[in-house]
Every structure is written in C-alpha cells, then in structure tokens.
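This report concerns only the one structure given below.
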Amino acid sequence: PGIVMGSMLRPATTGGIEFYAIYSFADQQRSVLSVQMALLAVSVVTSVVMGIIVFLALHSVIRPVTKVAGAARGLAQGESDVRVTEDRTDELGTLQRSFNVMADSINEKIGQLEEAEAYQRRFVSDVSHELRTPVTTIRMATDLLFQSRDDLDPNKRRTVELLDKQVSRFASMLEDLLEISRYEAGQASLNPDLCDACDLVRKVVQQVAQIAGTKGVAVNALLPDHKVMITVDANRCTSILRNLVNNAIDFAEDGPVQLRLAVSEQAVVFSVRDWGTGIAPEDLTHIFERFWRADPSRSRLTGGTGLGLSIALDNTNLMHGLLQVRSQIGQGTWFLLTLPRDVSEQLDQGSAPVRFQPGQGLDVEGSFEEAAS
C-alpha cells in the first residue's frame, strides 16, 4: 500500500512541468497490524478471564442453591434427617440456615403427629375393648326385652324395636372399630384356606336375604355350574362381599342386585351390580372414606356404620387384591373385587399388600358394557 501525488508547475516563460511524489505505507500498515493483533490478543485474554470470573461467581451462587434444592427433594421423599452445610454468611447462608430450621420444625411436627396418632389408635382400641363388656350386657338385656315385646303396649313395643336396632348397630360399629384398630396397629393377619368361591357368594346371599326382603330388593347370583376353588381368607372375603351387597341394597331403589363370578388361572373376580340411583362422580372418590355417606338422609335398613366400605378396602389390600367401582347417576353402581386365586402364594413370597388409596381404581367414564369387556 502507498500513495502517489502529482502536481503541475507552469512558469511564465516555458511550458508546464509535472511533479510526482510517491509515499509507501508499509510502515504504517505494519503498525496497524501490530495494533490489531495486540487488541485481538487482549480481547481473547479478557474474554477468557471474564468467563472464568463469571463461571466462578455463578458456581458459588448456584452450588449452594442446588444443594438446598437436592435436600428439599430428599425431605419431600421422606428423608427426615437430610440437612445442608451452613458454610456462608451472606443471603445464601441465611437460606441454608432457614432450610435446616424448617427441616427441624417439620420433623418435630411429624413426631408430634405420629405420637398423637399412636395415642389416638391406642385410645380407640382401649375404648373399643372396654366397651365390649357393657355392650354385651346391654345386648342381652335388649334381647330379653325384644323377645317379650308382644306383651308391651304399642308405644313401648316400638321403643324396644328401635332400641334393638340401635344396639345392634352400636355393636356392629364397635366390631368395626376393633377391626380398624387392628389394621392401624399392623396386627391384622390372613388365614387363607381352600374354599369354593360359589359357596362364598351363596353364603353372602343367605346372610342378606332378610334385609333384602325387608326392602323388597331381589338379590340374584349368576354362578358357574361347577366349583371354583380358590385359596383366600374366607371370612374376610365374605365380609367384603357382604358390605358391597349391603351397600347395593341401600341404593337399589327396589331394583335387583346381581352378583357374578369370573375366574382365570391367576385371579378371581366378584361382581356386585345394582341398577339404582347411582353415585355422582364428585362423591365417588369419597366412598371408601370412613363414616362418609353419599346421602346422609337415606334410611339405612342394613344398619350401616359408615365403616363397611373402608374395611372392605382394607381387607382387599390385605389379600393383595383390587377393589374397583364404577357408577353413573340413574344407571346404578358396579363393584369389582379382584383377588389372587391363591393368596397363600403372595404370603409365601413375602410380598407386601398393595395399598390402594380411597378413590384409586375408579373408572367413572364410559358405559357398563365397556367395563364388562
């Protein structure tokens, strides 16, 4: 690179003379290139240094936050002893201390709740056991009065009949509370035995025959023409089916209640179906809760305590089964009880019962025909 400059000199006596000057920019170009290289080197070094500084700054901020976040996830998953190291004095150090204080407070509250729950379980169990003796005495006295009710005037006879029903209901509730206390204490056990599933269904139909006849509800059992041998806890299985049938009778609205049985090599399924009022979807998720009723004003001829379906779910879980329900307003309600065909195999394998929360396994969409398939 360079530059050429030219000019004309015109004397008065002679012709014009041209002058040219040539200048080279090689030195200036080398200087500019040196400056550019110096600036580029400075820029690269500055960028690397700034990147390192920014990384260290962000890392010093993010690392404590990440540790606190990981500790929070562990605490949420039940690791009650998780804590973070308090190694800062700035705002992040305040966050660390606050987390540890929160974790200590949560552990303290959990301990108080567990202690209160254990006390409540003991209280319910102790009260239930202590009430058995007076309730038995009252039951005997009520039976004597009930047997001689025909000798009483109409008002007293009605009082004795109401007393008999309420004492029976109270005794049933007491037994349910004792059963729940055994579940809560982890003392519920299985006694599996080989039995005929068809006989279990027939036994349940016989047990509810009087209540169904009083309410005018027909209970029909559609069973195979051969024995279906299964190994389950017969008493608990009968209790589950009886609770389901009693619930169906309450809501059958003079319609029939149908029991069906299906079996495969691995499982047996009991179906309890009614064509009554049905249960609204918003209520369906609560039916396995204790003392909950879809219609508190409904007359319960079965003498229900509000604990039957909750105990049925506990018994189902104890036998490694699944209790499902489907219901629609105006179309009725359908319960499906699925149990392993041999519960003893589950016990031998040492597998824990599957715990289904109330509302789990619900299927409120679609038709009953789709559920049957």
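FYI, nothing fancy with the structure tokens labels: chains A, B, ... in order, residues from 1 per chain, ligands from 1 as they appear.
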
So that I can check the surroundings of range 12-23 of chain A, please list as a CSV table (one decimal) with N, CA, C and O atoms, in the first residue's frame every protein, DNA and RNA residue that reaches within 12 Å of it, counting only C-alpha atoms and ignoring chain neighbours fewer than 5 positions away.
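Output saved as part-v2.csv:
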chain,number,residue,atom,x,y,z
A,1,PRO,N,0.8,-1.2,0.0
A,1,PRO,CA,0.0,0.0,0.0
A,1,PRO,C,0.9,1.3,0.0
A,1,PRO,O,2.0,1.3,0.6
A,2,GLY,N,0.3,2.3,-0.6
A,2,GLY,CA,1.1,3.5,-0.7
A,2,GLY,C,0.2,4.6,-1.3
A,2,GLY,O,-1.0,4.4,-1.5
A,3,ILE,N,0.8,5.8,-1.6
A,3,ILE,CA,0.0,6.9,-2.2
A,3,ILE,C,0.9,7.6,-3.2
A,3,ILE,O,2.1,7.7,-3.0
A,4,VAL,N,0.4,8.1,-4.3
A,4,VAL,CA,1.1,8.8,-5.4
A,4,VAL,C,0.4,10.2,-5.5
A,4,VAL,O,-0.8,10.3,-5.7
A,5,MET,N,1.1,11.3,-5.4
A,5,MET,CA,0.6,12.6,-5.5
A,5,MET,C,1.3,13.3,-6.7
A,5,MET,O,2.5,13.2,-6.9
A,6,GLY,N,0.5,14.1,-7.5
A,6,GLY,CA,1.1,14.8,-8.7
A,6,GLY,C,0.6,16.2,-8.7
A,6,GLY,O,-0.4,16.5,-8.3
A,7,SER,N,1.5,17.1,-9.3
A,7,SER,CA,1.1,18.5,-9.5
A,7,SER,C,1.8,19.1,-10.7
A,7,SER,O,2.8,18.5,-11.2
A,28,GLN,N,3.3,2.1,8.1
A,28,GLN,CA,2.0,2.3,8.8
A,28,GLN,C,1.2,1.0,8.9
A,28,GLN,O,0.5,0.7,9.8

- request: Give me every alpha helix (DSSP H) residue in range 135-325 of chain A, going by DSSP on the backbone, as a PyMOL selection string.
  value: chain A and resi 135-147+154-184+197-207+209-215+234-250+281-284+308-318

- request: Extract, using only C-alpha atoms, all DNA, RNA and protein residues at most 9 Å from Ala312 in chain A, discarding same-chain residues fewer than 6 positions from it, and format them as a list in words.
  value: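 Here the qualifying residues turn out to be Arg236, Cys237, Ser239, Ile240, Leu241, Asn243, Leu244, Phe288 and Leu323 of chain A.
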
- request: Mind checking which residues fall within 12 Å of range 88-91 of chain A, counting only C-alpha atoms, ignoring those fewer than 5 positions away in the same chain, and posting them as a PyMOL selection string?
  value: chain A and resi 60-61+63-65+96-98

message: I'd like to know which residues of range 84-263 of chain A are strand (DSSP E or B) (by DSSP, run on the backbone); could you write them as an NGL selection string?
response: :A and (193-196 or 219-222 or 229-232 or 257-263)

Residues from the last selection, N, CA, C and O atoms, saved as an mmCIF file, in the first residue's frame:
data_model
loop_
_atom_site.group_PDB
_atom_site.id
_atom_site.type_symbol
_atom_site.label_atom_id
_atom_site.label_comp_id
_atom_site.auth_asym_id
_atom_site.auth_seq_id
_atom_site.Cartn_x
_atom_site.Cartn_y
_atom_site.Cartn_z
ATOM 1 N N ASP A 193 -57.422 -70.302 53.216
ATOM 2 C CA ASP A 193 -57.825 -71.701 53.206
ATOM 3 C C ASP A 193 -58.492 -71.989 51.867
ATOM 4 O O ASP A 193 -59.069 -71.101 51.239
ATOM 5 N N LEU A 194 -58.438 -73.236 51.449
ATOM 6 C CA LEU A 194 -59.047 -73.629 50.183
ATOM 7 C C LEU A 194 -60.564 -73.689 50.359
ATOM 8 O O LEU A 194 -61.075 -74.345 51.277
ATOM 9 N N CYS A 195 -61.287 -72.982 49.482
ATOM 10 C CA CYS A 195 -62.740 -72.942 49.581
ATOM 11 C C CYS A 195 -63.322 -72.746 48.187
ATOM 12 O O CYS A 195 -62.617 -72.446 47.222
ATOM 13 N N ASP A 196 -64.639 -72.910 48.116
ATOM 14 C CA ASP A 196 -65.362 -72.743 46.857
ATOM 15 C C ASP A 196 -65.899 -71.321 46.791
ATOM 16 O O ASP A 196 -66.676 -70.895 47.668
ATOM 17 N N VAL A 219 -81.962 -60.199 45.263
ATOM 18 C CA VAL A 219 -80.523 -60.437 45.155
ATOM 19 C C VAL A 219 -80.314 -61.714 44.355
ATOM 20 O O VAL A 219 -80.673 -62.805 44.806
ATOM 21 N N ASN A 220 -79.756 -61.570 43.157
ATOM 22 C CA ASN A 220 -79.562 -62.707 42.251
ATOM 23 C C ASN A 220 -78.081 -63.010 42.126
ATOM 24 O O ASN A 220 -77.249 -62.108 42.030
ATOM 25 N N ALA A 221 -77.753 -64.292 42.102
ATOM 26 C CA ALA A 221 -76.366 -64.739 41.947
ATOM 27 C C ALA A 221 -76.256 -65.570 40.676
ATOM 28 O O ALA A 221 -76.936 -66.588 40.535
ATOM 29 N N LEU A 222 -75.436 -65.111 39.740
ATOM 30 C CA LEU A 222 -75.169 -65.833 38.493
ATOM 31 C C LEU A 222 -73.805 -66.502 38.634
ATOM 32 O O LEU A 222 -72.762 -65.842 38.544
ATOM 33 N N MET A 229 -62.559 -73.363 42.982
ATOM 34 C CA MET A 229 -61.735 -73.492 44.177
ATOM 35 C C MET A 229 -60.672 -72.388 44.206
ATOM 36 O O MET A 229 -59.911 -72.212 43.253
ATOM 37 N N ILE A 230 -60.645 -71.668 45.299
ATOM 38 C CA ILE A 230 -59.674 -70.592 45.487
ATOM 39 C C ILE A 230 -59.115 -70.707 46.902
ATOM 40 O O ILE A 230 -59.723 -71.311 47.786
ATOM 41 N N THR A 231 -57.937 -70.099 47.105
ATOM 42 C CA THR A 231 -57.308 -70.093 48.428
ATOM 43 C C THR A 231 -57.257 -68.652 48.922
ATOM 44 O O THR A 231 -56.384 -67.867 48.520
ATOM 45 N N VAL A 232 -58.230 -68.306 49.749
ATOM 46 C CA VAL A 232 -58.331 -66.952 50.290
ATOM 47 C C VAL A 232 -58.741 -67.047 51.754
ATOM 48 O O VAL A 232 -59.035 -68.136 52.266
ATOM 49 N N VAL A 257 -80.290 -56.629 42.663
ATOM 50 C CA VAL A 257 -78.848 -56.624 42.905
ATOM 51 C C VAL A 257 -78.306 -57.932 42.351
ATOM 52 O O VAL A 257 -78.819 -59.006 42.673
ATOM 53 N N GLN A 258 -77.278 -57.830 41.532
ATOM 54 C CA GLN A 258 -76.760 -59.001 40.839
ATOM 55 C C GLN A 258 -75.322 -59.277 41.254
ATOM 56 O O GLN A 258 -74.476 -58.372 41.272
ATOM 57 N N LEU A 259 -75.050 -60.545 41.591
ATOM 58 C CA LEU A 259 -73.697 -60.999 41.901
ATOM 59 C C LEU A 259 -73.247 -61.953 40.800
ATOM 60 O O LEU A 259 -73.993 -62.853 40.404
ATOM 61 N N ARG A 260 -72.034 -61.737 40.330
ATOM 62 C CA ARG A 260 -71.476 -62.606 39.297
ATOM 63 C C ARG A 260 -70.050 -62.982 39.688
ATOM 64 O O ARG A 260 -69.408 -62.323 40.521
ATOM 65 N N LEU A 261 -69.575 -64.035 39.049
ATOM 66 C CA LEU A 261 -68.263 -64.585 39.381
ATOM 67 C C LEU A 261 -67.528 -64.932 38.094
ATOM 68 O O LEU A 261 -68.094 -65.553 37.196
ATOM 69 N N ALA A 262 -66.274 -64.491 38.021
ATOM 70 C CA ALA A 262 -65.413 -64.834 36.889
ATOM 71 C C ALA A 262 -64.070 -65.288 37.448
ATOM 72 O O ALA A 262 -63.626 -64.812 38.499
ATOM 73 N N VAL A 263 -63.424 -66.205 36.747
ATOM 74 C CA VAL A 263 -62.194 -66.779 37.270
ATOM 75 C C VAL A 263 -61.232 -67.069 36.130
ATOM 76 O O VAL A 263 -61.643 -67.373 35.004
#

message: Please list as a ChimeraX atom specification every residue within 12 Å of Ser80 in chain A, counting only C-alpha atoms and excluding residues in the same chain fewer than 4 positions away.
response: /A:71-76,100,102-111

Please produce a file of the residues just selected, as a PDB file, in the first residue's frame, where the atoms kept are N, CA, C and O atoms.
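Final output, part18.pdb:
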ATOM      1  N   ALA A  71     -31.567 -31.200  48.884  1.00  0.00           N
ATOM      2  CA  ALA A  71     -32.004 -31.542  50.234  1.00  0.00           C
ATOM      3  C   ALA A  71     -33.522 -31.432  50.364  1.00  0.00           C
ATOM      4  O   ALA A  71     -34.159 -32.247  51.040  1.00  0.00           O
ATOM      5  N   ALA A  72     -34.110 -30.432  49.695  1.00  0.00           N
ATOM      6  CA  ALA A  72     -35.567 -30.281  49.735  1.00  0.00           C
ATOM      7  C   ALA A  72     -36.258 -31.465  49.068  1.00  0.00           C
ATOM      8  O   ALA A  72     -37.285 -31.962  49.561  1.00  0.00           O
ATOM      9  N   ARG A  73     -35.694 -31.957  47.951  1.00  0.00           N
ATOM     10  CA  ARG A  73     -36.267 -33.149  47.313  1.00  0.00           C
ATOM     11  C   ARG A  73     -36.157 -34.364  48.224  1.00  0.00           C
ATOM     12  O   ARG A  73     -37.095 -35.170  48.327  1.00  0.00           O
ATOM     13  N   GLY A  74     -35.021 -34.509  48.871  1.00  0.00           N
ATOM     14  CA  GLY A  74     -34.879 -35.622  49.802  1.00  0.00           C
ATOM     15  C   GLY A  74     -35.863 -35.533  50.956  1.00  0.00           C
ATOM     16  O   GLY A  74     -36.449 -36.540  51.374  1.00  0.00           O
ATOM     17  N   LEU A  75     -36.070 -34.323  51.463  1.00  0.00           N
ATOM     18  CA  LEU A  75     -37.030 -34.144  52.553  1.00  0.00           C
ATOM     19  C   LEU A  75     -38.445 -34.470  52.092  1.00  0.00           C
ATOM     20  O   LEU A  75     -39.226 -35.074  52.830  1.00  0.00           O
ATOM     21  N   ALA A  76     -38.756 -34.080  50.851  1.00  0.00           N
ATOM     22  CA  ALA A  76     -40.085 -34.381  50.312  1.00  0.00           C
ATOM     23  C   ALA A  76     -40.293 -35.874  50.115  1.00  0.00           C
ATOM     24  O   ALA A  76     -41.424 -36.361  50.168  1.00  0.00           O
ATOM     25  N   ASN A 100     -32.523 -25.620  57.293  1.00  0.00           N
ATOM     26  CA  ASN A 100     -32.289 -26.526  58.406  1.00  0.00           C
ATOM     27  C   ASN A 100     -33.299 -26.318  59.528  1.00  0.00           C
ATOM     28  O   ASN A 100     -33.789 -27.277  60.138  1.00  0.00           O
ATOM     29  N   MET A 102     -36.321 -25.172  59.079  1.00  0.00           N
ATOM     30  CA  MET A 102     -37.587 -25.708  58.575  1.00  0.00           C
ATOM     31  C   MET A 102     -37.629 -27.227  58.691  1.00  0.00           C
ATOM     32  O   MET A 102     -38.640 -27.805  59.105  1.00  0.00           O
ATOM     33  N   ALA A 103     -36.514 -27.898  58.338  1.00  0.00           N
ATOM     34  CA  ALA A 103     -36.472 -29.357  58.426  1.00  0.00           C
ATOM     35  C   ALA A 103     -36.630 -29.825  59.871  1.00  0.00           C
ATOM     36  O   ALA A 103     -37.351 -30.786  60.150  1.00  0.00           O
ATOM     37  N   ASP A 104     -35.981 -29.125  60.797  1.00  0.00           N
ATOM     38  CA  ASP A 104     -36.125 -29.486  62.215  1.00  0.00           C
ATOM     39  C   ASP A 104     -37.565 -29.296  62.675  1.00  0.00           C
ATOM     40  O   ASP A 104     -38.112 -30.127  63.414  1.00  0.00           O
ATOM     41  N   SER A 105     -38.178 -28.215  62.221  1.00  0.00           N
ATOM     42  CA  SER A 105     -39.565 -27.948  62.611  1.00  0.00           C
ATOM     43  C   SER A 105     -40.514 -29.002  62.042  1.00  0.00           C
ATOM     44  O   SER A 105     -41.424 -29.473  62.728  1.00  0.00           O
ATOM     45  N   ILE A 106     -40.274 -29.398  60.771  1.00  0.00           N
ATOM     46  CA  ILE A 106     -41.123 -30.426  60.157  1.00  0.00           C
ATOM     47  C   ILE A 106     -40.979 -31.750  60.897  1.00  0.00           C
ATOM     48  O   ILE A 106     -41.963 -32.438  61.174  1.00  0.00           O
ATOM     49  N   ASN A 107     -39.740 -32.128  61.229  1.00  0.00           N
ATOM     50  CA  ASN A 107     -39.521 -33.373  61.975  1.00  0.00           C
ATOM     51  C   ASN A 107     -40.208 -33.335  63.334  1.00  0.00           C
ATOM     52  O   ASN A 107     -40.786 -34.336  63.786  1.00  0.00           O
ATOM     53  N   GLU A 108     -40.149 -32.175  63.961  1.00  0.00           N
ATOM     54  CA  GLU A 108     -40.812 -32.051  65.259  1.00  0.00           C
ATOM     55  C   GLU A 108     -42.319 -32.198  65.128  1.00  0.00           C
ATOM     56  O   GLU A 108     -42.968 -32.901  65.917  1.00  0.00           O
ATOM     57  N   LYS A 109     -42.901 -31.566  64.091  1.00  0.00           N
ATOM     58  CA  LYS A 109     -44.341 -31.672  63.869  1.00  0.00           C
ATOM     59  C   LYS A 109     -44.739 -33.101  63.516  1.00  0.00           C
ATOM     60  O   LYS A 109     -45.765 -33.612  63.991  1.00  0.00           O
ATOM     61  N   ILE A 110     -43.914 -33.741  62.668  1.00  0.00           N
ATOM     62  CA  ILE A 110     -44.210 -35.135  62.301  1.00  0.00           C
ATOM     63  C   ILE A 110     -44.168 -36.026  63.527  1.00  0.00           C
ATOM     64  O   ILE A 110     -45.025 -36.908  63.718  1.00  0.00           O
ATOM     65  N   GLY A 111     -43.177 -35.805  64.378  1.00  0.00           N
ATOM     66  CA  GLY A 111     -43.099 -36.592  65.607  1.00  0.00           C
ATOM     67  C   GLY A 111     -44.322 -36.381  66.492  1.00  0.00           C
ATOM     68  O   GLY A 111     -44.863 -37.334  67.065  1.00  0.00           O
TER      69      GLY A 111
END

message: Please compute the CA of Gln324 in chain A-CA of Phe251 in chain A distance, one decimal, in Å.
response: 17.4 Å
